[in-house]
>>> print(open('target-v1.txt').read())   # compact mmCIF, C-alpha atoms
# COMPACT_ATOMS: atom_id res chain seq x y z
CA MET A 1 -7.84 -0.19 -0.10
CA ALA A 2 -11.03 -2.04 -0.80
CA GLY A 3 -11.61 -0.21 -4.07
CA MET A 4 -14.43 2.15 -4.91
CA GLN A 5 -17.62 2.51 -2.90
CA PRO A 6 -20.87 1.81 -4.80
CA ILE A 7 -21.85 5.49 -4.64
CA GLU A 8 -18.48 6.48 -6.10
CA ARG A 9 -18.96 4.05 -8.98
CA GLU A 10 -22.41 5.51 -9.53
CA TRP A 11 -21.02 9.07 -9.69
CA LEU A 12 -18.36 7.94 -12.13
CA GLU A 13 -20.95 6.29 -14.35
CA GLN A 14 -23.15 9.39 -14.18
CA TYR A 15 -20.18 11.52 -15.21
CA ARG A 16 -19.46 9.17 -18.09
CA ARG A 17 -23.01 9.77 -19.24
CA GLY A 18 -22.32 13.52 -19.18
CA ASP A 19 -23.35 14.58 -15.65
CA LEU A 20 -20.77 17.15 -14.50
CA GLU A 21 -22.39 17.51 -11.09
CA ALA A 22 -21.53 13.87 -10.39
CA LEU A 23 -17.88 14.63 -11.19
CA GLY A 24 -17.99 17.53 -8.72
CA LYS A 25 -19.14 15.08 -6.05
CA LEU A 26 -16.20 12.78 -6.82
CA VAL A 27 -13.77 15.72 -6.60
CA GLU A 28 -15.12 16.58 -3.15
CA GLN A 29 -15.19 12.95 -2.04
CA TYR A 30 -11.47 12.47 -2.75
CA ARG A 31 -10.43 16.01 -1.83
CA ARG A 32 -9.13 15.33 1.70
CA PRO A 33 -6.77 12.40 1.05
CA LEU A 34 -5.59 13.62 -2.34
CA TYR A 35 -4.94 17.23 -1.34
CA SER A 36 -3.28 16.17 1.90
CA PHE A 37 -0.95 13.85 -0.01
CA ILE A 38 -0.04 16.55 -2.55
CA LEU A 39 0.47 19.19 0.14
CA LYS A 40 2.90 17.01 2.07
CA MET A 41 4.78 15.81 -0.97
CA THR A 42 5.24 19.31 -2.46
CA GLU A 43 5.93 20.94 0.95
CA GLY A 44 6.88 24.49 0.04
CA ARG A 45 7.81 23.67 -3.57
CA GLY A 46 5.01 24.81 -5.84
CA ASP A 47 1.33 25.28 -5.35
CA PRO A 48 -0.49 22.16 -4.10
CA GLU A 49 -3.79 23.53 -5.37
CA GLU A 50 -2.32 23.69 -8.88
CA VAL A 51 -1.09 20.08 -8.65
CA PHE A 52 -4.50 19.00 -7.33
CA GLN A 53 -6.21 20.67 -10.29
CA GLU A 54 -3.73 19.26 -12.82
CA THR A 55 -4.16 15.78 -11.34
CA TRP A 56 -7.89 15.85 -11.96
CA ILE A 57 -7.55 17.35 -15.43
CA ARG A 58 -5.10 14.62 -16.45
CA ALA A 59 -7.40 12.00 -14.99
CA ILE A 60 -10.34 13.39 -16.96
CA ARG A 61 -8.35 13.49 -20.19
CA HIS A 62 -7.23 9.90 -19.83
CA LEU A 63 -10.31 8.42 -18.22
CA ASP A 64 -10.47 5.79 -20.95
CA ARG A 65 -7.25 4.33 -19.53
CA PHE A 66 -8.74 3.91 -16.05
CA ASP A 67 -9.39 0.25 -15.30
CA ASP A 68 -12.41 0.93 -13.04
CA GLN A 69 -10.79 -0.66 -10.00
CA ASN A 70 -9.67 2.17 -7.72
CA LEU A 71 -10.08 5.77 -8.84
CA LEU A 72 -8.38 7.28 -5.80
CA GLY A 73 -5.37 5.01 -6.26
CA TRP A 74 -5.18 6.11 -9.88
CA LEU A 75 -5.39 9.79 -8.86
CA PHE A 76 -2.56 9.24 -6.36
CA ARG A 77 -0.52 7.71 -9.14
CA ILE A 78 -1.07 10.74 -11.39
CA ALA A 79 -0.29 13.12 -8.50
CA HIS A 80 2.87 11.13 -7.75
CA ASN A 81 4.03 11.57 -11.37
CA LEU A 82 3.28 15.30 -11.31
CA VAL A 83 5.21 15.81 -8.07
CA ILE A 84 8.18 13.85 -9.48
CA ASP A 85 8.06 15.90 -12.71
CA ARG A 86 8.13 19.13 -10.73
CA ALA A 87 11.03 17.92 -8.58
CA ARG A 88 12.95 17.03 -11.74
CA LYS A 89 12.24 20.39 -13.36
CA SER A 90 13.70 22.14 -10.31
CA LYS A 91 16.94 20.15 -10.72
CA PRO A 92 18.75 22.66 -13.02
CA GLU A 93 18.67 25.16 -10.17
CA VAL A 94 21.38 23.06 -8.50
CA GLN A 95 24.66 24.61 -9.57
CA PRO A 96 28.16 23.26 -8.95
CA SER A 97 30.29 25.48 -6.75
CA PRO A 98 32.74 27.40 -8.97
CA ARG A 99 35.62 26.75 -6.57
CA THR A 100 35.25 23.15 -5.56
CA GLY A 101 33.12 21.79 -8.37
CA GLN A 102 30.86 20.27 -5.73
CA THR A 103 27.17 21.04 -5.62
CA THR A 104 26.24 23.63 -3.04
CA THR A 105 22.75 22.26 -2.68
CA THR A 106 21.94 18.69 -3.52
CA TRP A 107 18.72 17.78 -5.21
CA PHE A 108 17.90 15.77 -2.14
CA ASP A 109 18.27 18.89 -0.02
CA GLN A 110 15.60 20.52 -2.12
CA VAL A 111 13.22 17.63 -1.77
CA ALA A 112 13.66 16.80 1.88
CA ALA A 113 15.24 18.70 4.71
CA SER A 114 17.28 16.92 7.35
CA GLY A 115 16.98 17.19 11.08
CA LEU A 116 14.01 18.50 12.98
CA GLY A 117 12.57 21.49 11.17
CA PRO A 118 11.05 24.57 12.78
CA ALA A 119 7.59 23.16 12.14
CA THR A 120 8.35 20.30 14.52
CA VAL A 121 9.51 22.67 17.20
CA THR A 122 6.46 24.91 16.96
CA ALA A 123 3.99 22.07 16.74
CA GLY A 124 3.71 22.06 20.49
CA ARG A 125 2.14 19.12 22.25
CA ASP A 126 -0.43 18.25 19.61
CA LEU A 127 0.84 14.83 18.62
CA GLY A 128 -1.06 14.74 15.34
CA LYS A 129 0.56 18.00 14.27
CA GLN A 130 3.94 16.79 15.49
CA ILE A 131 3.60 13.70 13.31
CA GLU A 132 2.78 15.91 10.33
CA ALA A 133 5.82 18.06 11.08
CA ALA A 134 8.09 15.06 11.61
CA LEU A 135 7.03 13.69 8.21
CA GLU A 136 9.01 16.54 6.64
CA ASN A 137 12.15 14.89 7.95
CA LEU A 138 11.62 11.60 6.15
CA PRO A 139 13.17 10.91 2.76
CA PRO A 140 10.47 11.54 0.12
CA GLU A 141 10.04 7.88 -0.85
CA GLN A 142 9.42 6.86 2.75
CA ARG A 143 7.16 9.83 3.37
CA GLU A 144 5.18 8.97 0.27
CA VAL A 145 4.62 5.35 1.32
CA PHE A 146 3.48 6.54 4.75
CA LEU A 147 1.04 9.04 3.22
CA LEU A 148 -0.31 6.60 0.66
CA ARG A 149 -1.02 4.15 3.49
CA MET A 150 -2.42 6.64 5.98
CA ASP A 151 -4.11 9.23 3.73
CA GLY A 152 -5.02 6.98 0.84
CA ASP A 153 -5.53 3.74 2.80
CA MET A 154 -3.85 2.03 -0.12
CA SER A 155 -2.62 -1.54 -0.05
CA PHE A 156 1.11 -2.20 -0.39
CA LYS A 157 0.39 -3.84 -3.71
CA GLU A 158 -1.07 -0.54 -4.96
CA ILE A 159 1.69 1.54 -3.36
CA ALA A 160 4.33 -0.59 -5.07
CA LYS A 161 2.55 0.04 -8.38
CA VAL A 162 2.44 3.82 -7.78
CA GLN A 163 6.14 3.99 -6.92
CA GLY A 164 7.18 1.52 -9.59
CA VAL A 165 9.00 -0.68 -7.08
CA SER A 166 8.56 -4.18 -5.69
CA ILE A 167 6.10 -4.76 -2.85
CA ASN A 168 9.13 -5.70 -0.76
CA THR A 169 10.70 -2.27 -1.28
CA ALA A 170 7.42 -0.54 -0.43
CA LEU A 171 7.24 -2.56 2.81
CA ALA A 172 10.86 -1.73 3.67
CA ARG A 173 10.18 1.99 3.13
CA MET A 174 7.18 1.89 5.45
CA HIS A 175 9.21 -0.02 8.02
CA TYR A 176 11.92 2.67 8.01
CA ALA A 177 9.31 5.44 8.07
CA VAL A 178 7.60 4.05 11.16
CA ARG A 179 10.91 3.54 12.94
CA LYS A 180 12.18 7.04 12.12
CA LEU A 181 8.92 8.72 13.08
CA ARG A 182 8.90 6.85 16.36
CA ASN A 183 12.45 8.04 17.07
CA LEU A 184 11.69 11.63 16.07
CA LEU A 185 8.60 11.65 18.27
CA LYS A 186 10.17 9.78 21.17
CA ASP A 187 10.08 12.79 23.51
CA ALA A 188 6.51 13.62 22.56
CA TYR A 189 5.36 10.08 23.37
CA GLU A 190 7.27 10.00 26.65
CA GLY A 191 5.75 13.34 27.64
CA LEU A 192 2.20 12.02 27.36
CA MET B 1 10.77 -16.18 11.54
CA ASN B 2 13.15 -13.25 11.86
CA CYS B 3 12.17 -9.73 12.95
CA SER B 4 12.51 -8.23 9.48
CA LYS B 5 9.96 -10.64 8.07
CA ALA B 6 7.70 -10.28 11.11
CA ARG B 7 7.56 -6.50 10.64
CA LYS B 8 6.71 -6.83 6.97
CA TRP B 9 3.95 -9.22 7.92
CA LEU B 10 2.75 -6.74 10.57
CA LEU B 11 2.54 -4.02 7.92
CA LEU B 12 0.73 -6.36 5.54
CA ASP B 13 -1.66 -7.33 8.32
CA ASP B 14 -2.37 -3.65 9.02
CA ALA B 15 -3.21 -3.20 5.32
CA GLY B 16 -5.41 -6.32 5.28
CA GLU B 17 -3.04 -8.09 2.91
CA LEU B 18 -1.64 -10.84 5.13
CA PRO B 19 -3.07 -14.26 4.19
CA GLY B 20 -4.96 -15.73 7.14
CA ASP B 21 -2.76 -18.80 7.44
CA ARG B 22 0.24 -16.58 8.32
CA ARG B 23 -1.48 -14.90 11.25
CA ALA B 24 -0.70 -17.66 13.77
CA ARG B 25 3.01 -17.58 12.91
CA LEU B 26 3.07 -13.81 13.29
CA ASP B 27 1.30 -13.99 16.65
CA ALA B 28 3.76 -16.63 17.86
CA HIS B 29 6.68 -14.36 16.93
CA LEU B 30 5.11 -11.35 18.65
CA ARG B 31 4.60 -13.30 21.86
CA ARG B 32 8.32 -13.87 22.22
CA CYS B 33 9.74 -10.66 20.64
CA ALA B 34 9.46 -7.43 22.63
CA GLU B 35 11.04 -5.31 19.86
CA CYS B 36 8.46 -6.36 17.30
CA ARG B 37 5.70 -5.70 19.84
CA THR B 38 7.13 -2.18 20.22
CA PHE B 39 7.13 -1.77 16.45
CA ALA B 40 3.50 -2.92 16.31
CA ALA B 41 2.59 -0.45 19.06
CA SER B 42 4.40 2.37 17.20
CA LEU B 43 2.42 1.61 14.07
CA GLN B 44 -0.84 1.66 15.99
CA ASP B 45 0.11 4.89 17.82
CA LEU B 46 0.94 6.63 14.55
CA ARG B 47 -2.27 5.41 12.96
CA GLY B 48 -4.28 6.58 15.97
CA GLN B 49 -2.71 10.03 16.19
CA TYR B 50 -2.16 10.88 12.56
CA SER B 51 -4.91 12.76 10.83
CA ALA B 52 -4.95 14.38 7.44
CA ASP B 53 -8.07 16.45 8.19
CA SER B 54 -6.31 19.65 9.09
CA ALA B 55 -4.41 19.75 5.82
CA ALA B 56 -7.38 19.75 3.48
CA PRO B 57 -9.43 22.90 3.00
CA ALA B 58 -12.58 22.65 0.88
CA THR B 59 -11.96 22.77 -2.85
CA PRO B 60 -11.73 26.46 -3.84
CA ALA B 61 -14.34 27.53 -6.38
CA PRO B 62 -11.77 28.43 -9.10
CA THR B 63 -10.15 24.98 -8.83
CA LEU B 64 -13.49 23.20 -9.10
CA SER B 65 -14.51 25.44 -12.01
CA ALA B 66 -11.27 24.67 -13.87
CA ILE B 67 -11.74 20.93 -13.34
CA LEU B 68 -15.35 21.03 -14.50
CA ALA B 69 -14.41 23.17 -17.51
CA ALA B 70 -11.83 20.57 -18.52
CA ALA B 71 -14.42 17.87 -17.95
CA ARG B 72 -16.83 19.69 -20.25
CA ASP B 73 -14.18 19.78 -22.99
CA PHE B 74 -13.25 16.14 -22.55
CA ALA B 75 -16.69 14.76 -21.73
CA PRO B 76 -16.56 10.99 -22.29
CA ALA B 77 -19.98 11.03 -23.93
CA ARG B 78 -18.67 13.36 -26.65
CA ARG B 79 -15.56 11.38 -27.38
CA ARG B 80 -15.44 8.50 -29.76
CA ALA B 81 -15.06 5.36 -27.77
CA GLU B 82 -11.75 3.75 -28.51
CA PRO B 83 -11.01 0.21 -27.45
CA VAL B 84 -8.27 0.04 -24.85
CA ARG B 85 -5.65 -2.57 -25.52
CA ARG B 86 -4.38 -4.10 -22.32
CA LEU B 87 -1.73 -6.69 -21.81
CA TRP B 88 -3.65 -9.58 -20.28
CA TRP B 89 -0.95 -12.21 -20.33
CA THR B 90 1.44 -10.93 -17.63
CA PRO B 91 3.11 -13.92 -15.90
CA PRO B 92 0.99 -13.83 -12.68
CA ARG B 93 -2.22 -13.58 -14.69
CA ALA B 94 -1.17 -16.35 -17.05
CA LEU B 95 -0.31 -18.54 -14.04
CA ALA B 96 -3.62 -17.74 -12.40
CA ALA B 97 -5.46 -18.49 -15.67
CA VAL B 98 -3.77 -21.88 -15.94
CA ALA B 99 -4.64 -22.63 -12.31
CA ALA B 100 -8.24 -21.53 -12.91
CA LEU B 101 -8.55 -23.75 -15.98
CA PHE B 102 -7.09 -26.68 -14.07
CA LEU B 103 -9.55 -26.12 -11.22
CA PHE B 104 -12.42 -25.75 -13.64
CA PHE B 105 -11.80 -29.03 -15.42
CA SER B 106 -10.99 -30.83 -12.17
CA ALA B 107 -14.24 -29.66 -10.63
CA LEU B 108 -16.16 -30.50 -13.81
CA ALA B 109 -14.72 -34.01 -13.82
CA ALA B 110 -15.38 -34.42 -10.11
CA GLY B 111 -18.97 -33.26 -10.51
CA LEU B 112 -19.60 -35.68 -13.35
CA TRP B 113 -17.92 -38.54 -11.48
CA ARG B 114 -20.00 -37.91 -8.37
CA GLN B 115 -23.15 -37.82 -10.47
CA ARG B 116 -22.22 -41.15 -12.03
CA MET B 117 -21.41 -42.78 -8.68
CA THR B 118 -24.76 -41.81 -7.21
CA GLY B 119 -26.39 -43.47 -10.18
CA ALA B 120 -28.85 -40.62 -10.64
CA ALA B 121 -28.27 -40.32 -14.34
CA ALA B 122 -25.73 -41.79 -16.67
CA THR B 123 -26.25 -39.22 -19.36
CA LEU B 124 -25.31 -35.56 -19.47
CA THR B 125 -28.33 -33.41 -18.73
CA ASP B 126 -28.58 -29.65 -18.43
CA ALA B 127 -28.94 -30.00 -14.65
CA THR B 128 -25.79 -32.14 -14.44
CA ILE B 129 -23.76 -29.64 -16.41
CA ARG B 130 -25.16 -26.70 -14.44
CA GLU B 131 -24.26 -28.32 -11.13
CA ALA B 132 -20.77 -29.22 -12.30
CA VAL B 133 -20.17 -25.72 -13.62
CA SER B 134 -21.44 -24.05 -10.43
CA THR B 135 -19.20 -26.34 -8.36
CA ALA B 136 -16.26 -25.38 -10.56
CA VAL B 137 -17.02 -21.67 -10.35
CA ALA B 138 -17.33 -21.83 -6.56
CA ALA B 139 -13.98 -23.64 -6.37
CA ILE B 140 -12.34 -21.05 -8.60
CA GLU B 141 -13.75 -18.15 -6.58
CA SER B 142 -12.51 -19.58 -3.32
CA GLU B 143 -9.07 -20.31 -4.74
CA TRP B 144 -8.62 -17.10 -6.72
CA SER B 145 -7.90 -14.73 -3.83
CA ALA B 146 -5.68 -17.35 -2.21
CA ILE B 147 -3.65 -17.62 -5.42
CA GLU B 148 -3.24 -13.82 -5.57
CA SER B 149 -2.18 -13.61 -1.92
CA ASP B 150 0.26 -16.46 -2.36
CA LEU B 151 1.82 -14.79 -5.40
CA ALA B 152 2.26 -11.56 -3.42
CA MET B 153 3.88 -13.48 -0.57
CA VAL B 154 6.16 -15.31 -3.01
CA ARG B 155 7.27 -11.93 -4.37
CA ILE B 156 8.05 -10.79 -0.81
CA GLU B 157 9.97 -13.96 -0.03
CA ILE B 158 12.00 -13.60 -3.22
CA GLY B 159 12.64 -9.95 -2.34
CA ASP B 160 13.88 -10.94 1.12
CA TRP B 161 16.15 -13.51 -0.43
CA LEU B 162 17.54 -11.02 -2.95
CA ASP B 163 18.00 -8.36 -0.25
CA ALA B 164 19.97 -10.82 1.83
CA ALA B 165 22.09 -11.74 -1.17
CA ASN B 166 22.77 -8.14 -2.19
CA GLU B 167 23.42 -6.32 1.08
CA PRO B 168 23.48 -3.39 1.53
CA THR B 169 20.18 -2.44 -0.15
CA ALA B 170 19.91 1.08 1.24
CA GLU B 171 21.99 2.56 -1.59
CA ARG B 172 19.33 2.23 -4.27
CA PRO B 173 18.58 5.61 -5.83
CA GLY B 174 14.97 6.65 -5.39
CA ALA B 175 12.62 8.18 -7.92
CA TYR B 176 13.29 11.57 -6.37
CA GLY B 177 16.94 11.26 -7.27
CA GLU B 178 18.75 10.91 -3.97
CA LYS B 179 20.83 7.91 -3.03
CA GLY B 180 20.67 5.89 0.12
CA ALA B 181 17.48 7.35 1.43
CA GLY B 182 14.86 5.67 -0.66
CA THR B 183 14.53 2.38 1.15
>>> encode(input="target-v1.txt", output="structure tokens")
Amino acid sequence: MAGMQPIEREWLEQYRRGDLEALGKLVEQYRRPLYSFILKMTEGRGDPEEVFQETWIRAIRHLDRFDDQNLLGWLFRIAHNLVIDRARKSKPEVQPSPRTGQTTTTWFDQVAASGLGPATVTAGRDLGKQIEAALENLPPEQREVFLLRMDGDMSFKEIAKVQGVSINTALARMHYAVRKLRNLLKDAYEGL
Amino acid sequence: MNCSKARKWLLLDDAGELPGDRRARLDAHLRRCAECRTFAASLQDLRGQYSADSAAPATPAPTLSAILAAARDFAPARRRAEPVRRLWWTPPRALAAVAALFLFFSALAAGLWRQRMTGAAATLTDATIREAVSTAVAAIESEWSAIESDLAMVRIEIGDWLDAANEPTAERPGAYGEKGAGT
């Protein structure tokens, strides 16, 4: 990502001087990539609108920590932490089976389903929608890297920072994501 | 170059992060590797077909109101400005600073030497210093991004080396808690 556009910097400065309307413009400007990312990372677990709102409120509260480089990247980072927090809070719901002592539902099962979901089947021939549906079948870390690249247009350096991993790991996750998506969508591509 | 590295470079190239001097090596690999060409085509297909538009309705009024209400409470203009302490001396930054200083003094010395050789003036004048400083700054600017890119590539190379030494790597637990699916 090239960083912030001049107009975005201007809105941020205006907000810093007390102009709330300028903040509203920033919220709208980043709405599409940020909401899309949250929606796909929370997929059926919690309200994405609530996470979107909380992301902005946290950003506003801690604006003095923002380094003025890339506001959207920083928002993604906050959203990432909120999604992780929510996934962790849902962990106690996983109970060991009384008979075997093994968990009946793994935490991973809650975060990401396996196999082609019903959304993929009903997506029809719209390839864009099929890609969105197939994303549900990726492990969350890989899905997140894909979304940060495609929705957020973030660099791998920034993605690595968001996920708290090396740039090499971020690249490997994207590599696996592309390969898996291509395999999942093989029939759709051949049918074109 | 092996395929694993070529695909990482392809991804970096797609993100605009591949240093220019690597491009020729990547192209050479792609010319002789059909599998990596397929991977590149897959990446382009996904980029072309994927769209986030459908997933983003306009911000609902209550959400926007809540955000703006919070902004009113935490308005930066109302808060006392507190200096933010940041760690400036991380190893890559320290290395880059040393390189920048080296370049600065090298360029300064070179500028002064050139001035002396041309015989224009043997003494330090404002114009001499200005020219030397602007030469040094230009050299630093041109080198700075190259240094950053090179550091990123070094990190990738080290990562590759470590991955090769510690196979398998796919068992690292991810931030979401599961094992074996994160990488």
>>> atom_distance(input="target-v1.txt", atom1="CA of Leu68 in chain B", atom2="CA of Glu158 in chain A")
27.6 Å
>>> closest_residue(input="target-v1.txt", among="B:Gln49, B:Ser134, B:Gln44, B:Thr38", to="chain A", atoms="all atoms listed in the file")
B:Gln49
>>> residues_around(input="target-v1.txt", residues="Lys8 in chain B", least_positions_apart="2", cutoff="12 Å", atoms="only C-alpha atoms", output="VMD selection string")
(chain A and resid 156 167 to 176 178) or (chain B and resid 1 to 6 10 to 15 17 to 18 22 26 36 39 to 40 43 153 156 to 157 159 to 160)
>>> atom_distance(input="target-v1.txt", atom1="CA of Asp151 in chain A", atom2="CA of Pro60 in chain B")
20.3 Å
>>> closest_residue(input="target-v1.txt", among="A:Arg77, A:Arg45, A:Arg17, A:Lys186", to="chain B", atoms="only C-alpha atoms")
A:Arg17
>>> residues_around(input="target-v1.txt", residues="Leu34 in chain A", least_positions_apart="6", cutoff="8 Å", atoms="all atoms listed in the file", output="PDB file with C-alpha atoms, in the frame of the given file")
ATOM      1  CA  PHE A  52      -4.500  19.000  -7.330  1.00  0.00           C
ATOM      2  CA  LEU A  72      -8.380   7.280  -5.800  1.00  0.00           C
ATOM      3  CA  LEU A  75      -5.390   9.790  -8.860  1.00  0.00           C
ATOM      4  CA  PHE A  76      -2.560   9.240  -6.360  1.00  0.00           C
ATOM      5  CA  ASP A 151      -4.110   9.230   3.730  1.00  0.00           C
ATOM      6  CA  GLY A 152      -5.020   6.980   0.840  1.00  0.00           C
TER       7      GLY A 152
END
>>> residues_around(input="target-v1.txt", residues="Gly128 in chain A", least_positions_apart="3", cutoff="8 Å", atoms="all atoms listed in the file", output="list in words")
Ile131 and Glu132 of chain A; Gln49, Tyr50 and Ser51 of chain B
>>> closest_residue(input="target-v1.txt", among="B:Asp45, B:Asp126, B:Asp150, B:Glu131", to="chain A", atoms="all atoms listed in the file")
B:Asp45
>>> atom_distance(input="target-v1.txt", atom1="CA of Phe146 in chain A", atom2="CA of Arg88 in chain A")
21.7 Å
>>> residues_near_point(input="target-v1.txt", point="(-14.0, 4.0, -7.3)", cutoff="10 Å", atoms="only C-alpha atoms", output="PyMOL selection string")
chain A and resi 2-12+26+30+67-74
>>> closest_residue(input="target-v1.txt", among="B:Ile140, B:Ile147, B:Thr63, B:Arg114", to="chain A", atoms="only C-alpha atoms")
B:Thr63
>>> closest_residue(input="target-v1.txt", among="B:Ala34, B:Ala24, B:Ala109, B:Ala152", to="chain A", atoms="all atoms listed in the file")
B:Ala152
